[in-house]
Every structure is written in C-alpha cells, then in structure tokens.
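With PDB, C-alpha atoms inside, this is entry_16.pdb:
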MODEL        1
ATOM      1  CA  MET A   1      27.581 -55.647  18.915
ATOM      2  CA  SER A   2      30.994 -55.252  17.284
ATOM      3  CA  VAL A   3      34.186 -54.550  19.195
ATOM      4  CA  CYS A   4      34.290 -50.977  17.843
ATOM      5  CA  GLN A   5      30.720 -50.335  18.949
ATOM      6  CA  THR A   6      31.494 -51.704  22.410
ATOM      7  CA  ILE A   7      34.563 -49.511  22.746
ATOM      8  CA  SER A   8      32.560 -46.492  21.550
ATOM      9  CA  SER A   9      29.801 -47.165  24.085
ATOM     10  CA  VAL A  10      32.317 -47.485  26.913
ATOM     11  CA  CYS A  11      33.983 -44.206  25.869
ATOM     12  CA  VAL A  12      30.625 -42.416  25.791
ATOM     13  CA  LEU A  13      29.780 -43.754  29.261
ATOM     14  CA  ILE A  14      33.132 -42.617  30.652
ATOM     15  CA  ILE A  15      32.809 -39.149  29.114
ATOM     16  CA  GLY A  16      29.203 -38.915  30.321
ATOM     17  CA  PHE A  17      30.207 -39.910  33.849
ATOM     18  CA  HIS A  18      32.930 -37.277  34.005
ATOM     19  CA  LEU A  19      30.589 -34.650  32.546
ATOM     20  CA  VAL A  20      27.908 -35.375  35.147
ATOM     21  CA  LYS A  21      30.566 -35.366  37.873
ATOM     22  CA  PHE A  22      31.863 -31.992  36.647
ATOM     23  CA  ILE A  23      28.363 -30.470  36.547
ATOM     24  CA  CYS A  24      27.512 -31.772  40.043
ATOM     25  CA  ARG A  25      30.752 -30.390  41.449
ATOM     26  CA  LEU A  26      30.167 -27.047  39.708
ATOM     27  CA  LEU A  27      26.625 -26.790  41.107
ATOM     28  CA  TYR A  28      27.789 -27.699  44.603
ATOM     29  CA  ASN A  29      30.687 -25.245  44.531
ATOM     30  CA  THR A  30      28.380 -22.510  43.230
ATOM     31  CA  PHE A  31      25.455 -22.926  45.598
ATOM     32  CA  ALA A  32      27.066 -24.305  48.783
ATOM     33  CA  PRO A  33      28.357 -20.870  49.916
ATOM     34  CA  LYS A  34      24.886 -19.374  49.361
ATOM     35  CA  LEU A  35      23.389 -22.095  51.550
ATOM     36  CA  GLY A  36      25.691 -21.165  54.421
ATOM     37  CA  LEU A  37      27.857 -24.273  54.133
ATOM     38  CA  SER A  38      31.155 -22.390  54.170
ATOM     39  CA  VAL A  39      33.135 -21.790  57.365
ATOM     40  CA  ASN A  40      32.046 -19.495  60.170
ATOM     41  CA  PHE A  41      35.423 -17.916  60.832
ATOM     42  CA  GLY A  42      34.311 -16.324  64.090
ATOM     43  CA  GLU A  43      33.891 -19.782  65.603
ATOM     44  CA  MET A  44      37.452 -20.825  64.786
ATOM     45  CA  GLY A  45      39.192 -18.505  67.248
ATOM     46  CA  LYS A  46      39.753 -14.867  68.164
ATOM     47  CA  TRP A  47      42.868 -14.255  66.036
ATOM     48  CA  ALA A  48      43.898 -14.700  62.412
ATOM     49  CA  VAL A  49      47.561 -14.732  61.363
ATOM     50  CA  ILE A  50      48.415 -13.539  57.854
ATOM     51  CA  THR A  51      51.902 -13.611  56.336
ATOM     52  CA  GLY A  52      52.895 -11.180  53.602
ATOM     53  CA  ALA A  53      50.188  -8.951  55.056
ATOM     54  CA  SER A  54      51.382  -5.430  54.260
ATOM     55  CA  ASP A  55      49.780  -5.248  50.802
ATOM     56  CA  GLY A  56      48.263  -7.285  47.952
ATOM     57  CA  LEU A  57      46.461 -10.512  48.778
ATOM     58  CA  GLY A  58      47.798 -10.546  52.343
ATOM     59  CA  LYS A  59      46.306  -7.138  53.125
ATOM     60  CA  ALA A  60      43.033  -8.173  51.453
ATOM     61  CA  TYR A  61      42.839 -11.346  53.581
ATOM     62  CA  SER A  62      43.582  -9.254  56.691
ATOM     63  CA  ASP A  63      40.800  -6.806  55.827
ATOM     64  CA  ALA A  64      38.301  -9.540  55.017
ATOM     65  CA  LEU A  65      38.931 -11.499  58.219
ATOM     66  CA  ALA A  66      38.865  -8.323  60.315
ATOM     67  CA  ALA A  67      35.522  -7.491  58.696
ATOM     68  CA  LYS A  68      34.290 -10.829  60.065
ATOM     69  CA  GLY A  69      35.253  -9.696  63.559
ATOM     70  CA  MET A  70      38.610 -11.438  63.904
ATOM     71  CA  ASN A  71      41.655  -9.789  65.449
ATOM     72  CA  VAL A  72      44.597 -10.018  63.055
ATOM     73  CA  VAL A  73      48.333 -10.567  63.307
ATOM     74  CA  LEU A  74      50.065  -9.055  60.298
ATOM     75  CA  ILE A  75      53.496 -10.434  59.402
ATOM     76  CA  SER A  76      55.775  -9.000  56.725
ATOM     77  CA  ARG A  77      59.230  -7.486  56.416
ATOM     78  CA  SER A  78      58.419  -3.742  56.386
ATOM     79  CA  GLU A  79      57.489  -2.455  59.836
ATOM     80  CA  GLU A  80      56.401   0.861  58.381
ATOM     81  CA  LYS A  81      53.947  -0.743  55.941
ATOM     82  CA  LEU A  82      52.699  -3.136  58.607
ATOM     83  CA  GLN A  83      52.017  -0.277  61.005
ATOM     84  CA  ALA A  84      50.055   1.610  58.342
ATOM     85  CA  ALA A  85      48.040  -1.503  57.466
ATOM     86  CA  ALA A  86      47.331  -2.249  61.139
ATOM     87  CA  GLU A  87      46.140   1.297  61.840
ATOM     88  CA  ASP A  88      43.860   1.162  58.792
ATOM     89  CA  ILE A  89      42.340  -2.146  59.924
ATOM     90  CA  GLU A  90      41.794  -0.992  63.504
ATOM     91  CA  HIS A  91      40.128   2.203  62.281
ATOM     92  CA  GLN A  92      37.846   0.450  59.780
ATOM     93  CA  TYR A  93      36.846  -2.676  61.677
ATOM     94  CA  SER A  94      37.379  -1.901  65.389
ATOM     95  CA  VAL A  95      39.426  -5.047  66.028
ATOM     96  CA  GLN A  96      42.794  -5.632  67.654
ATOM     97  CA  THR A  97      45.936  -5.974  65.565
ATOM     98  CA  LYS A  98      49.492  -7.096  66.185
ATOM     99  CA  ILE A  99      52.432  -6.702  63.808
ATOM    100  CA  ILE A 100      55.568  -8.823  63.448
ATOM    101  CA  ALA A 101      58.268  -7.460  61.141
ATOM    102  CA  VAL A 102      60.439 -10.309  59.827
ATOM    103  CA  ASP A 103      61.972 -11.254  56.485
ATOM    104  CA  TYR A 104      61.144 -14.859  55.574
ATOM    105  CA  THR A 105      64.229 -15.126  53.375
ATOM    106  CA  HIS A 106      66.539 -14.737  56.412
ATOM    107  CA  GLY A 107      66.549 -18.372  57.460
ATOM    108  CA  ASN A 108      65.150 -20.330  60.379
ATOM    109  CA  ASP A 109      66.152 -17.970  63.208
ATOM    110  CA  ILE A 110      63.116 -15.747  62.531
ATOM    111  CA  TYR A 111      60.687 -18.490  63.613
ATOM    112  CA  HIS A 112      61.798 -18.239  67.238
ATOM    113  CA  ILE A 113      60.794 -14.559  67.113
ATOM    114  CA  ILE A 114      57.438 -15.351  65.495
ATOM    115  CA  GLU A 115      56.654 -18.181  67.917
ATOM    116  CA  LYS A 116      57.390 -15.975  70.904
ATOM    117  CA  GLN A 117      55.240 -13.129  69.555
ATOM    118  CA  LEU A 118      52.278 -15.468  68.899
ATOM    119  CA  SER A 119      52.438 -17.180  72.285
ATOM    120  CA  GLY A 120      49.165 -17.028  74.206
ATOM    121  CA  LEU A 121      46.959 -15.943  71.289
ATOM    122  CA  GLU A 122      43.846 -17.971  70.469
ATOM    123  CA  ILE A 123      44.565 -18.425  66.763
ATOM    124  CA  GLY A 124      41.761 -19.780  64.610
ATOM    125  CA  VAL A 125      42.993 -18.941  61.099
ATOM    126  CA  LEU A 126      46.419 -19.002  59.450
ATOM    127  CA  VAL A 127      46.886 -17.574  55.943
ATOM    128  CA  ASN A 128      50.272 -18.503  54.471
ATOM    129  CA  ASN A 129      50.394 -15.840  51.787
ATOM    130  CA  VAL A 130      54.003 -14.632  51.817
ATOM    131  CA  GLY A 131      55.809 -15.527  48.624
ATOM    132  CA  LEU A 132      58.400 -14.484  46.065
ATOM    133  CA  SER A 133      58.594 -14.854  42.306
ATOM    134  CA  TYR A 134      61.051 -14.121  39.505
ATOM    135  CA  PRO A 135      61.595 -10.454  38.596
ATOM    136  CA  TYR A 136      60.320 -11.519  35.148
ATOM    137  CA  PRO A 137      60.099 -14.819  33.224
ATOM    138  CA  GLU A 138      63.598 -16.084  32.454
ATOM    139  CA  TYR A 139      65.419 -19.216  31.389
ATOM    140  CA  PHE A 140      66.692 -21.280  34.313
ATOM    141  CA  LEU A 141      70.382 -20.888  33.424
ATOM    142  CA  ASP A 142      70.094 -17.188  32.527
ATOM    143  CA  LEU A 143      68.711 -15.934  35.845
ATOM    144  CA  ASN A 144      70.754 -13.217  37.540
ATOM    145  CA  ASP A 145      72.208 -14.033  40.976
ATOM    146  CA  LYS A 146      70.751 -17.550  40.779
ATOM    147  CA  GLU A 147      72.065 -18.797  44.110
ATOM    148  CA  LYS A 148      70.439 -15.979  46.094
ATOM    149  CA  LEU A 149      67.177 -16.118  44.116
ATOM    150  CA  PHE A 150      66.802 -19.879  44.504
ATOM    151  CA  SER A 151      67.533 -19.672  48.232
ATOM    152  CA  ASN A 152      64.981 -16.871  48.661
ATOM    153  CA  LEU A 153      62.328 -18.793  46.730
ATOM    154  CA  ILE A 154      62.819 -21.896  48.866
ATOM    155  CA  GLN A 155      62.892 -19.951  52.151
ATOM    156  CA  GLY A 156      60.001 -17.643  51.268
ATOM    157  CA  ASN A 157      57.699 -20.020  49.401
ATOM    158  CA  ILE A 158      58.359 -23.400  51.017
ATOM    159  CA  SER A 159      60.034 -23.091  54.424
ATOM    160  CA  SER A 160      57.669 -20.315  55.513
ATOM    161  CA  VAL A 161      54.584 -22.493  54.965
ATOM    162  CA  VAL A 162      56.035 -25.520  56.750
ATOM    163  CA  HIS A 163      57.289 -23.565  59.762
ATOM    164  CA  MET A 164      54.159 -21.435  60.200
ATOM    165  CA  CYS A 165      52.029 -24.592  60.208
ATOM    166  CA  ARG A 166      54.419 -26.164  62.718
ATOM    167  CA  ILE A 167      54.092 -23.159  65.025
ATOM    168  CA  ILE A 168      50.338 -22.571  64.848
ATOM    169  CA  MET A 169      48.656 -25.924  64.210
ATOM    170  CA  PRO A 170      49.342 -27.534  67.629
ATOM    171  CA  THR A 171      46.888 -25.164  69.355
ATOM    172  CA  MET A 172      44.330 -25.794  66.604
ATOM    173  CA  VAL A 173      44.630 -29.528  67.145
ATOM    174  CA  GLU A 174      44.292 -29.030  70.889
ATOM    175  CA  LYS A 175      40.956 -27.229  70.513
ATOM    176  CA  ARG A 176      40.035 -29.376  67.487
ATOM    177  CA  LYS A 177      39.186 -26.535  65.139
ATOM    178  CA  GLY A 178      41.017 -24.162  62.861
ATOM    179  CA  VAL A 179      41.604 -23.088  59.271
ATOM    180  CA  VAL A 180      44.902 -23.041  57.382
ATOM    181  CA  ILE A 181      44.888 -21.354  53.969
ATOM    182  CA  ASN A 182      48.039 -21.882  51.906
ATOM    183  CA  ILE A 183      48.467 -19.693  48.823
ATOM    184  CA  SER A 184      49.967 -21.542  45.881
ATOM    185  CA  SER A 185      49.668 -20.487  42.228
ATOM    186  CA  ALA A 186      47.940 -21.589  39.044
ATOM    187  CA  SER A 187      51.462 -21.999  37.651
ATOM    188  CA  ALA A 188      51.644 -25.201  39.729
ATOM    189  CA  ARG A 189      48.698 -26.665  37.801
ATOM    190  CA  PHE A 190      50.239 -26.699  34.307
ATOM    191  CA  ALA A 191      53.592 -26.340  32.560
ATOM    192  CA  SER A 192      55.296 -23.080  33.572
ATOM    193  CA  PRO A 193      58.538 -22.718  31.618
ATOM    194  CA  LEU A 194      60.637 -19.631  32.385
ATOM    195  CA  LEU A 195      59.187 -19.693  35.917
ATOM    196  CA  THR A 196      60.595 -23.114  36.719
ATOM    197  CA  VAL A 197      61.765 -22.796  40.327
ATOM    198  CA  TYR A 198      58.879 -20.513  41.320
ATOM    199  CA  ALA A 199      56.270 -22.895  39.875
ATOM    200  CA  ALA A 200      57.973 -25.898  41.492
ATOM    201  CA  SER A 201      57.914 -24.170  44.891
ATOM    202  CA  LYS A 202      54.185 -23.552  44.467
ATOM    203  CA  ALA A 203      53.643 -27.181  43.469
ATOM    204  CA  PHE A 204      55.191 -28.141  46.807
ATOM    205  CA  ILE A 205      52.524 -26.063  48.567
ATOM    206  CA  GLU A 206      49.764 -27.917  46.717
ATOM    207  CA  LYS A 207      51.117 -31.340  47.673
ATOM    208  CA  PHE A 208      51.913 -30.317  51.245
ATOM    209  CA  SER A 209      48.404 -28.878  51.711
ATOM    210  CA  GLU A 210      46.683 -31.928  50.250
ATOM    211  CA  ASP A 211      48.493 -34.354  52.539
ATOM    212  CA  LEU A 212      48.270 -32.121  55.612
ATOM    213  CA  ASN A 213      44.525 -31.822  55.097
ATOM    214  CA  ALA A 214      44.220 -35.618  54.896
ATOM    215  CA  GLU A 215      46.202 -35.993  58.129
ATOM    216  CA  TYR A 216      44.237 -33.500  60.217
ATOM    217  CA  ALA A 217      40.715 -33.409  58.740
ATOM    218  CA  ASN A 218      39.419 -35.774  61.426
ATOM    219  CA  MET A 219      40.789 -33.413  64.085
ATOM    220  CA  GLY A 220      38.595 -30.532  62.959
ATOM    221  CA  ILE A 221      41.321 -28.716  60.978
ATOM    222  CA  ILE A 222      40.611 -27.411  57.477
ATOM    223  CA  VAL A 223      43.708 -27.076  55.292
ATOM    224  CA  GLN A 224      42.897 -25.361  52.021
ATOM    225  CA  CYS A 225      45.188 -24.669  49.074
ATOM    226  CA  ILE A 226      44.390 -21.635  46.900
ATOM    227  CA  SER A 227      46.065 -21.547  43.469
ATOM    228  CA  PRO A 228      45.204 -18.208  41.873
ATOM    229  CA  GLY A 229      45.981 -16.957  38.406
ATOM    230  CA  TYR A 230      46.977 -13.339  37.921
ATOM    231  CA  VAL A 231      45.697 -10.805  40.463
ATOM    232  CA  ALA A 232      46.330  -7.079  40.107
ATOM    233  CA  THR A 233      49.110  -6.697  42.702
ATOM    234  CA  LYS A 234      52.641  -5.320  42.887
ATOM    235  CA  MET A 235      54.024  -8.823  42.616
ATOM    236  CA  SER A 236      52.223  -9.493  39.311
ATOM    237  CA  LYS A 237      53.037  -5.965  38.096
ATOM    238  CA  ILE A 238      49.446  -5.660  36.842
ATOM    239  CA  ARG A 239      48.181  -2.167  37.622
ATOM    240  CA  ASN A 240      44.609  -2.249  36.343
ATOM    241  CA  ALA A 241      42.193  -4.954  37.448
ATOM    242  CA  THR A 242      40.258  -6.932  34.840
ATOM    243  CA  TRP A 243      37.779  -9.813  34.885
ATOM    244  CA  MET A 244      40.646 -12.290  34.535
ATOM    245  CA  ALA A 245      43.033 -10.370  36.812
ATOM    246  CA  PRO A 246      40.835  -9.027  39.647
ATOM    247  CA  ASN A 247      41.898  -6.697  42.399
ATOM    248  CA  PRO A 248      42.900  -8.396  45.687
ATOM    249  CA  LYS A 249      39.635  -7.518  47.459
ATOM    250  CA  THR A 250      37.487  -9.106  44.753
ATOM    251  CA  PHE A 251      39.654 -12.210  44.672
ATOM    252  CA  VAL A 252      39.703 -12.720  48.447
ATOM    253  CA  GLU A 253      35.938 -12.203  48.776
ATOM    254  CA  SER A 254      35.495 -15.028  46.262
ATOM    255  CA  ALA A 255      38.168 -17.283  47.763
ATOM    256  CA  LEU A 256      36.909 -17.064  51.355
ATOM    257  CA  LYS A 257      33.504 -18.379  50.260
ATOM    258  CA  THR A 258      35.174 -21.656  49.244
ATOM    259  CA  VAL A 259      36.748 -22.425  52.649
ATOM    260  CA  GLY A 260      35.213 -25.591  54.045
ATOM    261  CA  ILE A 261      33.743 -26.437  50.636
ATOM    262  CA  GLN A 262      36.778 -26.860  48.373
ATOM    263  CA  ASP A 263      40.096 -28.144  49.696
ATOM    264  CA  ARG A 264      41.940 -27.285  46.489
ATOM    265  CA  THR A 265      40.754 -24.422  44.304
ATOM    266  CA  THR A 266      41.866 -21.390  42.334
ATOM    267  CA  GLY A 267      39.504 -19.392  44.535
ATOM    268  CA  TYR A 268      38.082 -17.450  41.603
ATOM    269  CA  PHE A 269      35.889 -18.819  38.811
ATOM    270  CA  PRO A 270      37.669 -17.167  35.826
ATOM    271  CA  HIS A 271      40.946 -18.643  37.082
ATOM    272  CA  SER A 272      39.303 -22.073  37.276
ATOM    273  CA  LEU A 273      38.303 -21.650  33.631
ATOM    274  CA  LEU A 274      41.902 -20.776  32.746
ATOM    275  CA  VAL A 275      43.256 -23.890  34.489
ATOM    276  CA  ALA A 276      40.578 -26.060  32.849
ATOM    277  CA  VAL A 277      41.440 -24.725  29.393
ATOM    278  CA  MET A 278      45.165 -25.248  29.893
ATOM    279  CA  ASN A 279      44.682 -28.771  31.270
ATOM    280  CA  THR A 280      42.378 -29.657  28.379
ATOM    281  CA  LEU A 281      44.913 -28.276  25.932
ATOM    282  CA  GLY A 282      47.568 -30.415  27.606
ATOM    283  CA  VAL A 283      45.454 -33.531  27.133
ATOM    284  CA  ILE A 284      44.976 -32.745  23.437
ATOM    285  CA  SER A 285      48.616 -31.842  22.780
ATOM    286  CA  LYS A 286      51.351 -31.336  25.341
ATOM    287  CA  THR A 287      53.585 -29.895  22.642
ATOM    288  CA  LEU A 288      51.010 -27.262  21.687
ATOM    289  CA  GLU A 289      50.387 -26.390  25.336
ATOM    290  CA  ARG A 290      54.094 -25.874  26.008
ATOM    291  CA  ARG A 291      54.592 -23.888  22.807
ATOM    292  CA  ILE A 292      51.784 -21.478  23.711
ATOM    293  CA  ILE A 293      53.072 -20.984  27.265
ATOM    294  CA  VAL A 294      56.713 -20.592  26.179
ATOM    295  CA  ASN A 295      55.766 -17.988  23.560
ATOM    296  CA  THR A 296      53.635 -16.102  26.094
ATOM    297  CA  MET A 297      56.450 -16.111  28.661
ATOM    298  CA  LYS A 298      59.000 -15.047  26.057
ATOM    299  CA  THR A 299      56.770 -12.100  25.139
ATOM    300  CA  ILE A 300      56.526 -11.011  28.797
ATOM    301  CA  ARG A 301      60.293 -11.529  29.182
ATOM    302  CA  GLY A 302      60.953  -9.390  26.093
ATOM    303  CA  ARG A 303      58.856  -6.524  27.429
ATOM    304  CA  ALA A 304      60.655  -6.659  30.765
ATOM    305  CA  LEU A 305      64.106  -6.672  29.165
ATOM    306  CA  ARG A 306      63.237  -3.672  26.978
ATOM    307  CA  LYS A 307      62.433  -1.742  30.156
ATOM    308  CA  GLN A 308      65.824  -2.552  31.687
ATOM    309  CA  PRO A 309      68.354   0.296  31.726
ATOM    310  CA  SER A 310      70.898  -0.144  28.955
TER     311      SER A 310
ENDMDL
END
What do you get writing this file as structure tokens?
Amino acid sequence: MSVCQTISSVCVLIIGFHLVKFICRLLYNTFAPKLGLSVNFGEMGKWAVITGASDGLGKAYSDALAAKGMNVVLISRSEEKLQAAAEDIEHQYSVQTKIIAVDYTHGNDIYHIIEKQLSGLEIGVLVNNVGLSYPYPEYFLDLNDKEKLFSNLIQGNISSVVHMCRIIMPTMVEKRKGVVINISSASARFASPLLTVYAASKAFIEKFSEDLNAEYANMGIIVQCISPGYVATKMSKIRNATWMAPNPKTFVESALKTVGIQDRTTGYFPHSLLVAVMNTLGVISKTLERRIIVNTMKTIRGRALRKQPS
C-alpha cells in the first residue's frame, strides 16, 4: 500500500469515527428525554431561583418550573413587572412565589440583599438568565457610552452568574443535589464581530459552567450551560416567532428536556444546526465565515441606524 493510500485510509477512518460518534450522540440526545433520563426537578428542592425573570426566557423558565410544582423566586429590576409575573404564576400553577427587585448592573452591594432574601429557602434549581446585550451590532470603538456599556455587560453577564452560584450552591452541596442552568449565547460558539464584548462575556459563562460542572459533578450538582440562538424576545427585538427563532415557551420546553443529559447545549435543535453549520464553515474557511457574519451584522446595524431619530 502506497503512502497516499495509507493516508487516505487513515483519513476515512477518522471521518468515519467522528460520524459514528456524532450519530450516537444525536440518538442519545434525542431519545434520552423520552426514556425519562432527564432530571426530576421536584426531587431537587422546593424552590427555583430565576434571574431576569420578569419576561422573555426568564419568565418562561419560571412558568415551566412552576408547572413542575416548584415554588419560584423571581429576580429582576422592575418590581411592577415582577409582581405581575408572580401573580400570574400563582394563579396558573398554585405554587408560592417570592420577588426580589434588584438591578444587576449596580455592583456587588445587591448580593447582600439577595442573600438575605433567599436565606432559609430549600433551593433546588438556579437559572442564571439575566443578561444584557448591545442596543444593536456596532464596531467596538464606535459604541456610544462605551464605559457604561462595558461595565453593565460585565456586571450583568459575568458577575451575576458568579455571585449567584456563590450564594446558592453551598446549600446544594450540603444536600448533595441541585441544578444550575447558566444561559450563555450561540454567539460564544463562533466569531461574533460587532458584538465583541457581549459575545466574550457569554464565552466566559461557557467556560465557567464547564469547569464548575467538573468540580461539583461528584457532589450531585448538575451545572448546565445553554447557548441559544435567536429567540423571539424583547432583547432580540424579534416580534414574530419562527422555526429558527422560537417563542420563549417553546425554547424552554425543549431546553429543560436536556438537563441531566447534555452539560453544554444550545437547548434547541435548530440552533444546534446553526452552530454546526457555522463551525463547519469555519473549518472550511475562517475568512469566509467572518465575511458572512460581518456582512450580516452590518445589515442589522444599518437597519437599526436608519430607525434612529435624525
């Protein structure tokens, strides 16, 4: 056998191995939830804590966990919205609720308030959903009020996750069970020009979740990172849900089925396809991948700027 034939055979074996691995993982991820292998949230504890809970994904997680019989603590900055969400949940699901109105961009002092309010609750689930993004895609040096925006992104997207885990995980470790769901973004999975600081903050969540899960898996704690693509929320500014940009309820119903099965996932199959396509494109040509993303972001940026008052 010639050298070229040997190299070709090795390449085919490697590709075949990865293809079989991909198919096995896909089958497991598809059928494991149907076989009842995902988490029984009711066994984790009486209460779930959700940040950014007044609307969007946070409200959808609150609804879904309440539907499973969990009491919920809703944390966000608008007391009025929180109260409305809490009343809706109590009426629909006959569970207890508690609200904590704080702004995660206001620095570390808020965590003393949160810790005091959560004291004594048997918390089984933490959903770190609160987050901020750019008003619209923009070049790093052209962002308005950069200092404030960067500070808010770091406080809201990074510090909030670290501090909420610090506050809640000790009781989970003590009873040796619990679930932590950290919401990242698909933008952390591939090049995200014109969203540079936002995407970097979400990449931190992915790395933090991966290592935290490795540290505490043998203590009965599940730490999952969800990295969704676009969901039809106020933050994404998408009004009408589509197959690729589902409404929050549809997304959360899908994502919750992966807890205990996938440690790192988009939470929604179409978003997994998107990430796979972009990663494959990056392997073929990084330049082409970046060009496509930059042009897409520039188009979104252009639309946003045309809507700005002159």
*Can you turn the PyMOL selection byres ((chain A and resi 109-120) around 10) into a concrete residue list for this file, as a VMD selection string?*
chain A and resid 47 49 73 75 98 to 108 121 to 123 160 163 to 164 166 to 168 171
*Do a neighbour search on Arg239 of chain A at 12 Å with all atoms listed in the file, toss out local chain neighbours closer than 6 positions, and write the hits as an NGL selection string.*
:A and (56 or 230-233 or 245-248)
*Closest of A:Pro228, A:Glu90, A:Ala64, A:Ser54 to Ser76 of chain A - atom-to-atom distances counting all atoms listed in the file*: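 Result for the nearest residue to Ser76 of chain A: A:Ser54.
When all atoms listed in the file are used to measure the gap to Val275 of chain A, the shortest distance among A:Met297, A:Ile154, A:Leu57, A:Met244 belongs to A:Met244.
Each of A:Gln262, A:Thr280, A:Thr287, A:Thr6 was compared to Val223 of chain A using all atoms listed in the file, and A:Gln262 turns out to be the nearest.
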*Enter the distance from atom CA of Leu126 of chain A to atom CA of Ala48 of chain A, in Å, rounded to one decimal.*
5.8 Å
Could I see segment 221-243 of chain A restored to N, CA and C atoms, set down as a PDB file, in the coordinates of the input?
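Ended up saving to selection03.pdb:
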ATOM      1  N   ILE A 221      40.498 -29.738  61.642  1.00  0.00           N
ATOM      2  CA  ILE A 221      41.321 -28.716  60.978  1.00  0.00           C
ATOM      3  C   ILE A 221      41.049 -28.733  59.477  1.00  0.00           C
ATOM      4  N   ILE A 222      40.778 -27.571  58.922  1.00  0.00           N
ATOM      5  CA  ILE A 222      40.611 -27.411  57.477  1.00  0.00           C
ATOM      6  C   ILE A 222      41.915 -26.856  56.916  1.00  0.00           C
ATOM      7  N   VAL A 223      42.522 -27.571  55.991  1.00  0.00           N
ATOM      8  CA  VAL A 223      43.708 -27.076  55.292  1.00  0.00           C
ATOM      9  C   VAL A 223      43.320 -26.899  53.829  1.00  0.00           C
ATOM     10  N   GLN A 224      43.298 -25.668  53.390  1.00  0.00           N
ATOM     11  CA  GLN A 224      42.897 -25.361  52.021  1.00  0.00           C
ATOM     12  C   GLN A 224      44.077 -24.806  51.228  1.00  0.00           C
ATOM     13  N   CYS A 225      44.170 -25.215  49.975  1.00  0.00           N
ATOM     14  CA  CYS A 225      45.188 -24.669  49.074  1.00  0.00           C
ATOM     15  C   CYS A 225      44.493 -23.816  48.008  1.00  0.00           C
ATOM     16  N   ILE A 226      44.900 -22.563  47.905  1.00  0.00           N
ATOM     17  CA  ILE A 226      44.390 -21.635  46.900  1.00  0.00           C
ATOM     18  C   ILE A 226      45.465 -21.453  45.834  1.00  0.00           C
ATOM     19  N   SER A 227      45.096 -21.659  44.573  1.00  0.00           N
ATOM     20  CA  SER A 227      46.065 -21.547  43.469  1.00  0.00           C
ATOM     21  C   SER A 227      45.572 -20.521  42.448  1.00  0.00           C
ATOM     22  N   PRO A 228      45.744 -19.247  42.754  1.00  0.00           N
ATOM     23  CA  PRO A 228      45.204 -18.208  41.873  1.00  0.00           C
ATOM     24  C   PRO A 228      46.000 -18.020  40.597  1.00  0.00           C
ATOM     25  N   GLY A 229      45.300 -17.477  39.585  1.00  0.00           N
ATOM     26  CA  GLY A 229      45.981 -16.957  38.406  1.00  0.00           C
ATOM     27  C   GLY A 229      46.447 -15.546  38.717  1.00  0.00           C
ATOM     28  N   TYR A 230      46.509 -14.706  37.706  1.00  0.00           N
ATOM     29  CA  TYR A 230      46.977 -13.339  37.921  1.00  0.00           C
ATOM     30  C   TYR A 230      45.962 -12.520  38.708  1.00  0.00           C
ATOM     31  N   VAL A 231      46.473 -11.776  39.697  1.00  0.00           N
ATOM     32  CA  VAL A 231      45.697 -10.805  40.463  1.00  0.00           C
ATOM     33  C   VAL A 231      46.442  -9.478  40.343  1.00  0.00           C
ATOM     34  N   ALA A 232      45.712  -8.395  40.300  1.00  0.00           N
ATOM     35  CA  ALA A 232      46.330  -7.079  40.107  1.00  0.00           C
ATOM     36  C   ALA A 232      47.034  -6.633  41.388  1.00  0.00           C
ATOM     37  N   THR A 233      48.296  -7.035  41.534  1.00  0.00           N
ATOM     38  CA  THR A 233      49.110  -6.697  42.702  1.00  0.00           C
ATOM     39  C   THR A 233      50.485  -6.209  42.245  1.00  0.00           C
ATOM     40  N   LYS A 234      51.275  -5.740  43.214  1.00  0.00           N
ATOM     41  CA  LYS A 234      52.641  -5.320  42.887  1.00  0.00           C
ATOM     42  C   LYS A 234      53.477  -6.493  42.403  1.00  0.00           C
ATOM     43  N   MET A 235      53.244  -7.650  42.989  1.00  0.00           N
ATOM     44  CA  MET A 235      54.024  -8.823  42.616  1.00  0.00           C
ATOM     45  C   MET A 235      53.788  -9.216  41.158  1.00  0.00           C
ATOM     46  N   SER A 236      52.534  -9.120  40.705  1.00  0.00           N
ATOM     47  CA  SER A 236      52.223  -9.493  39.311  1.00  0.00           C
ATOM     48  C   SER A 236      52.555  -8.366  38.342  1.00  0.00           C
ATOM     49  N   LYS A 237      52.754  -7.166  38.897  1.00  0.00           N
ATOM     50  CA  LYS A 237      53.037  -5.965  38.096  1.00  0.00           C
ATOM     51  C   LYS A 237      51.863  -5.590  37.190  1.00  0.00           C
ATOM     52  N   ILE A 238      50.659  -6.035  37.564  1.00  0.00           N
ATOM     53  CA  ILE A 238      49.446  -5.660  36.842  1.00  0.00           C
ATOM     54  C   ILE A 238      48.800  -4.500  37.596  1.00  0.00           C
ATOM     55  N   ARG A 239      48.678  -3.365  36.943  1.00  0.00           N
ATOM     56  CA  ARG A 239      48.181  -2.167  37.622  1.00  0.00           C
ATOM     57  C   ARG A 239      46.658  -2.084  37.617  1.00  0.00           C
ATOM     58  N   ASN A 240      46.048  -2.417  36.488  1.00  0.00           N
ATOM     59  CA  ASN A 240      44.609  -2.249  36.343  1.00  0.00           C
ATOM     60  C   ASN A 240      43.900  -3.591  36.395  1.00  0.00           C
ATOM     61  N   ALA A 241      42.938  -3.707  37.291  1.00  0.00           N
ATOM     62  CA  ALA A 241      42.193  -4.954  37.448  1.00  0.00           C
ATOM     63  C   ALA A 241      41.305  -5.220  36.236  1.00  0.00           C
ATOM     64  N   THR A 242      41.147  -6.494  35.906  1.00  0.00           N
ATOM     65  CA  THR A 242      40.258  -6.932  34.840  1.00  0.00           C
ATOM     66  C   THR A 242      39.454  -8.123  35.354  1.00  0.00           C
ATOM     67  N   TRP A 243      38.560  -8.634  34.511  1.00  0.00           N
ATOM     68  CA  TRP A 243      37.779  -9.813  34.885  1.00  0.00           C
ATOM     69  C   TRP A 243      38.691 -10.999  35.174  1.00  0.00           C
TER      70      TRP A 243
END
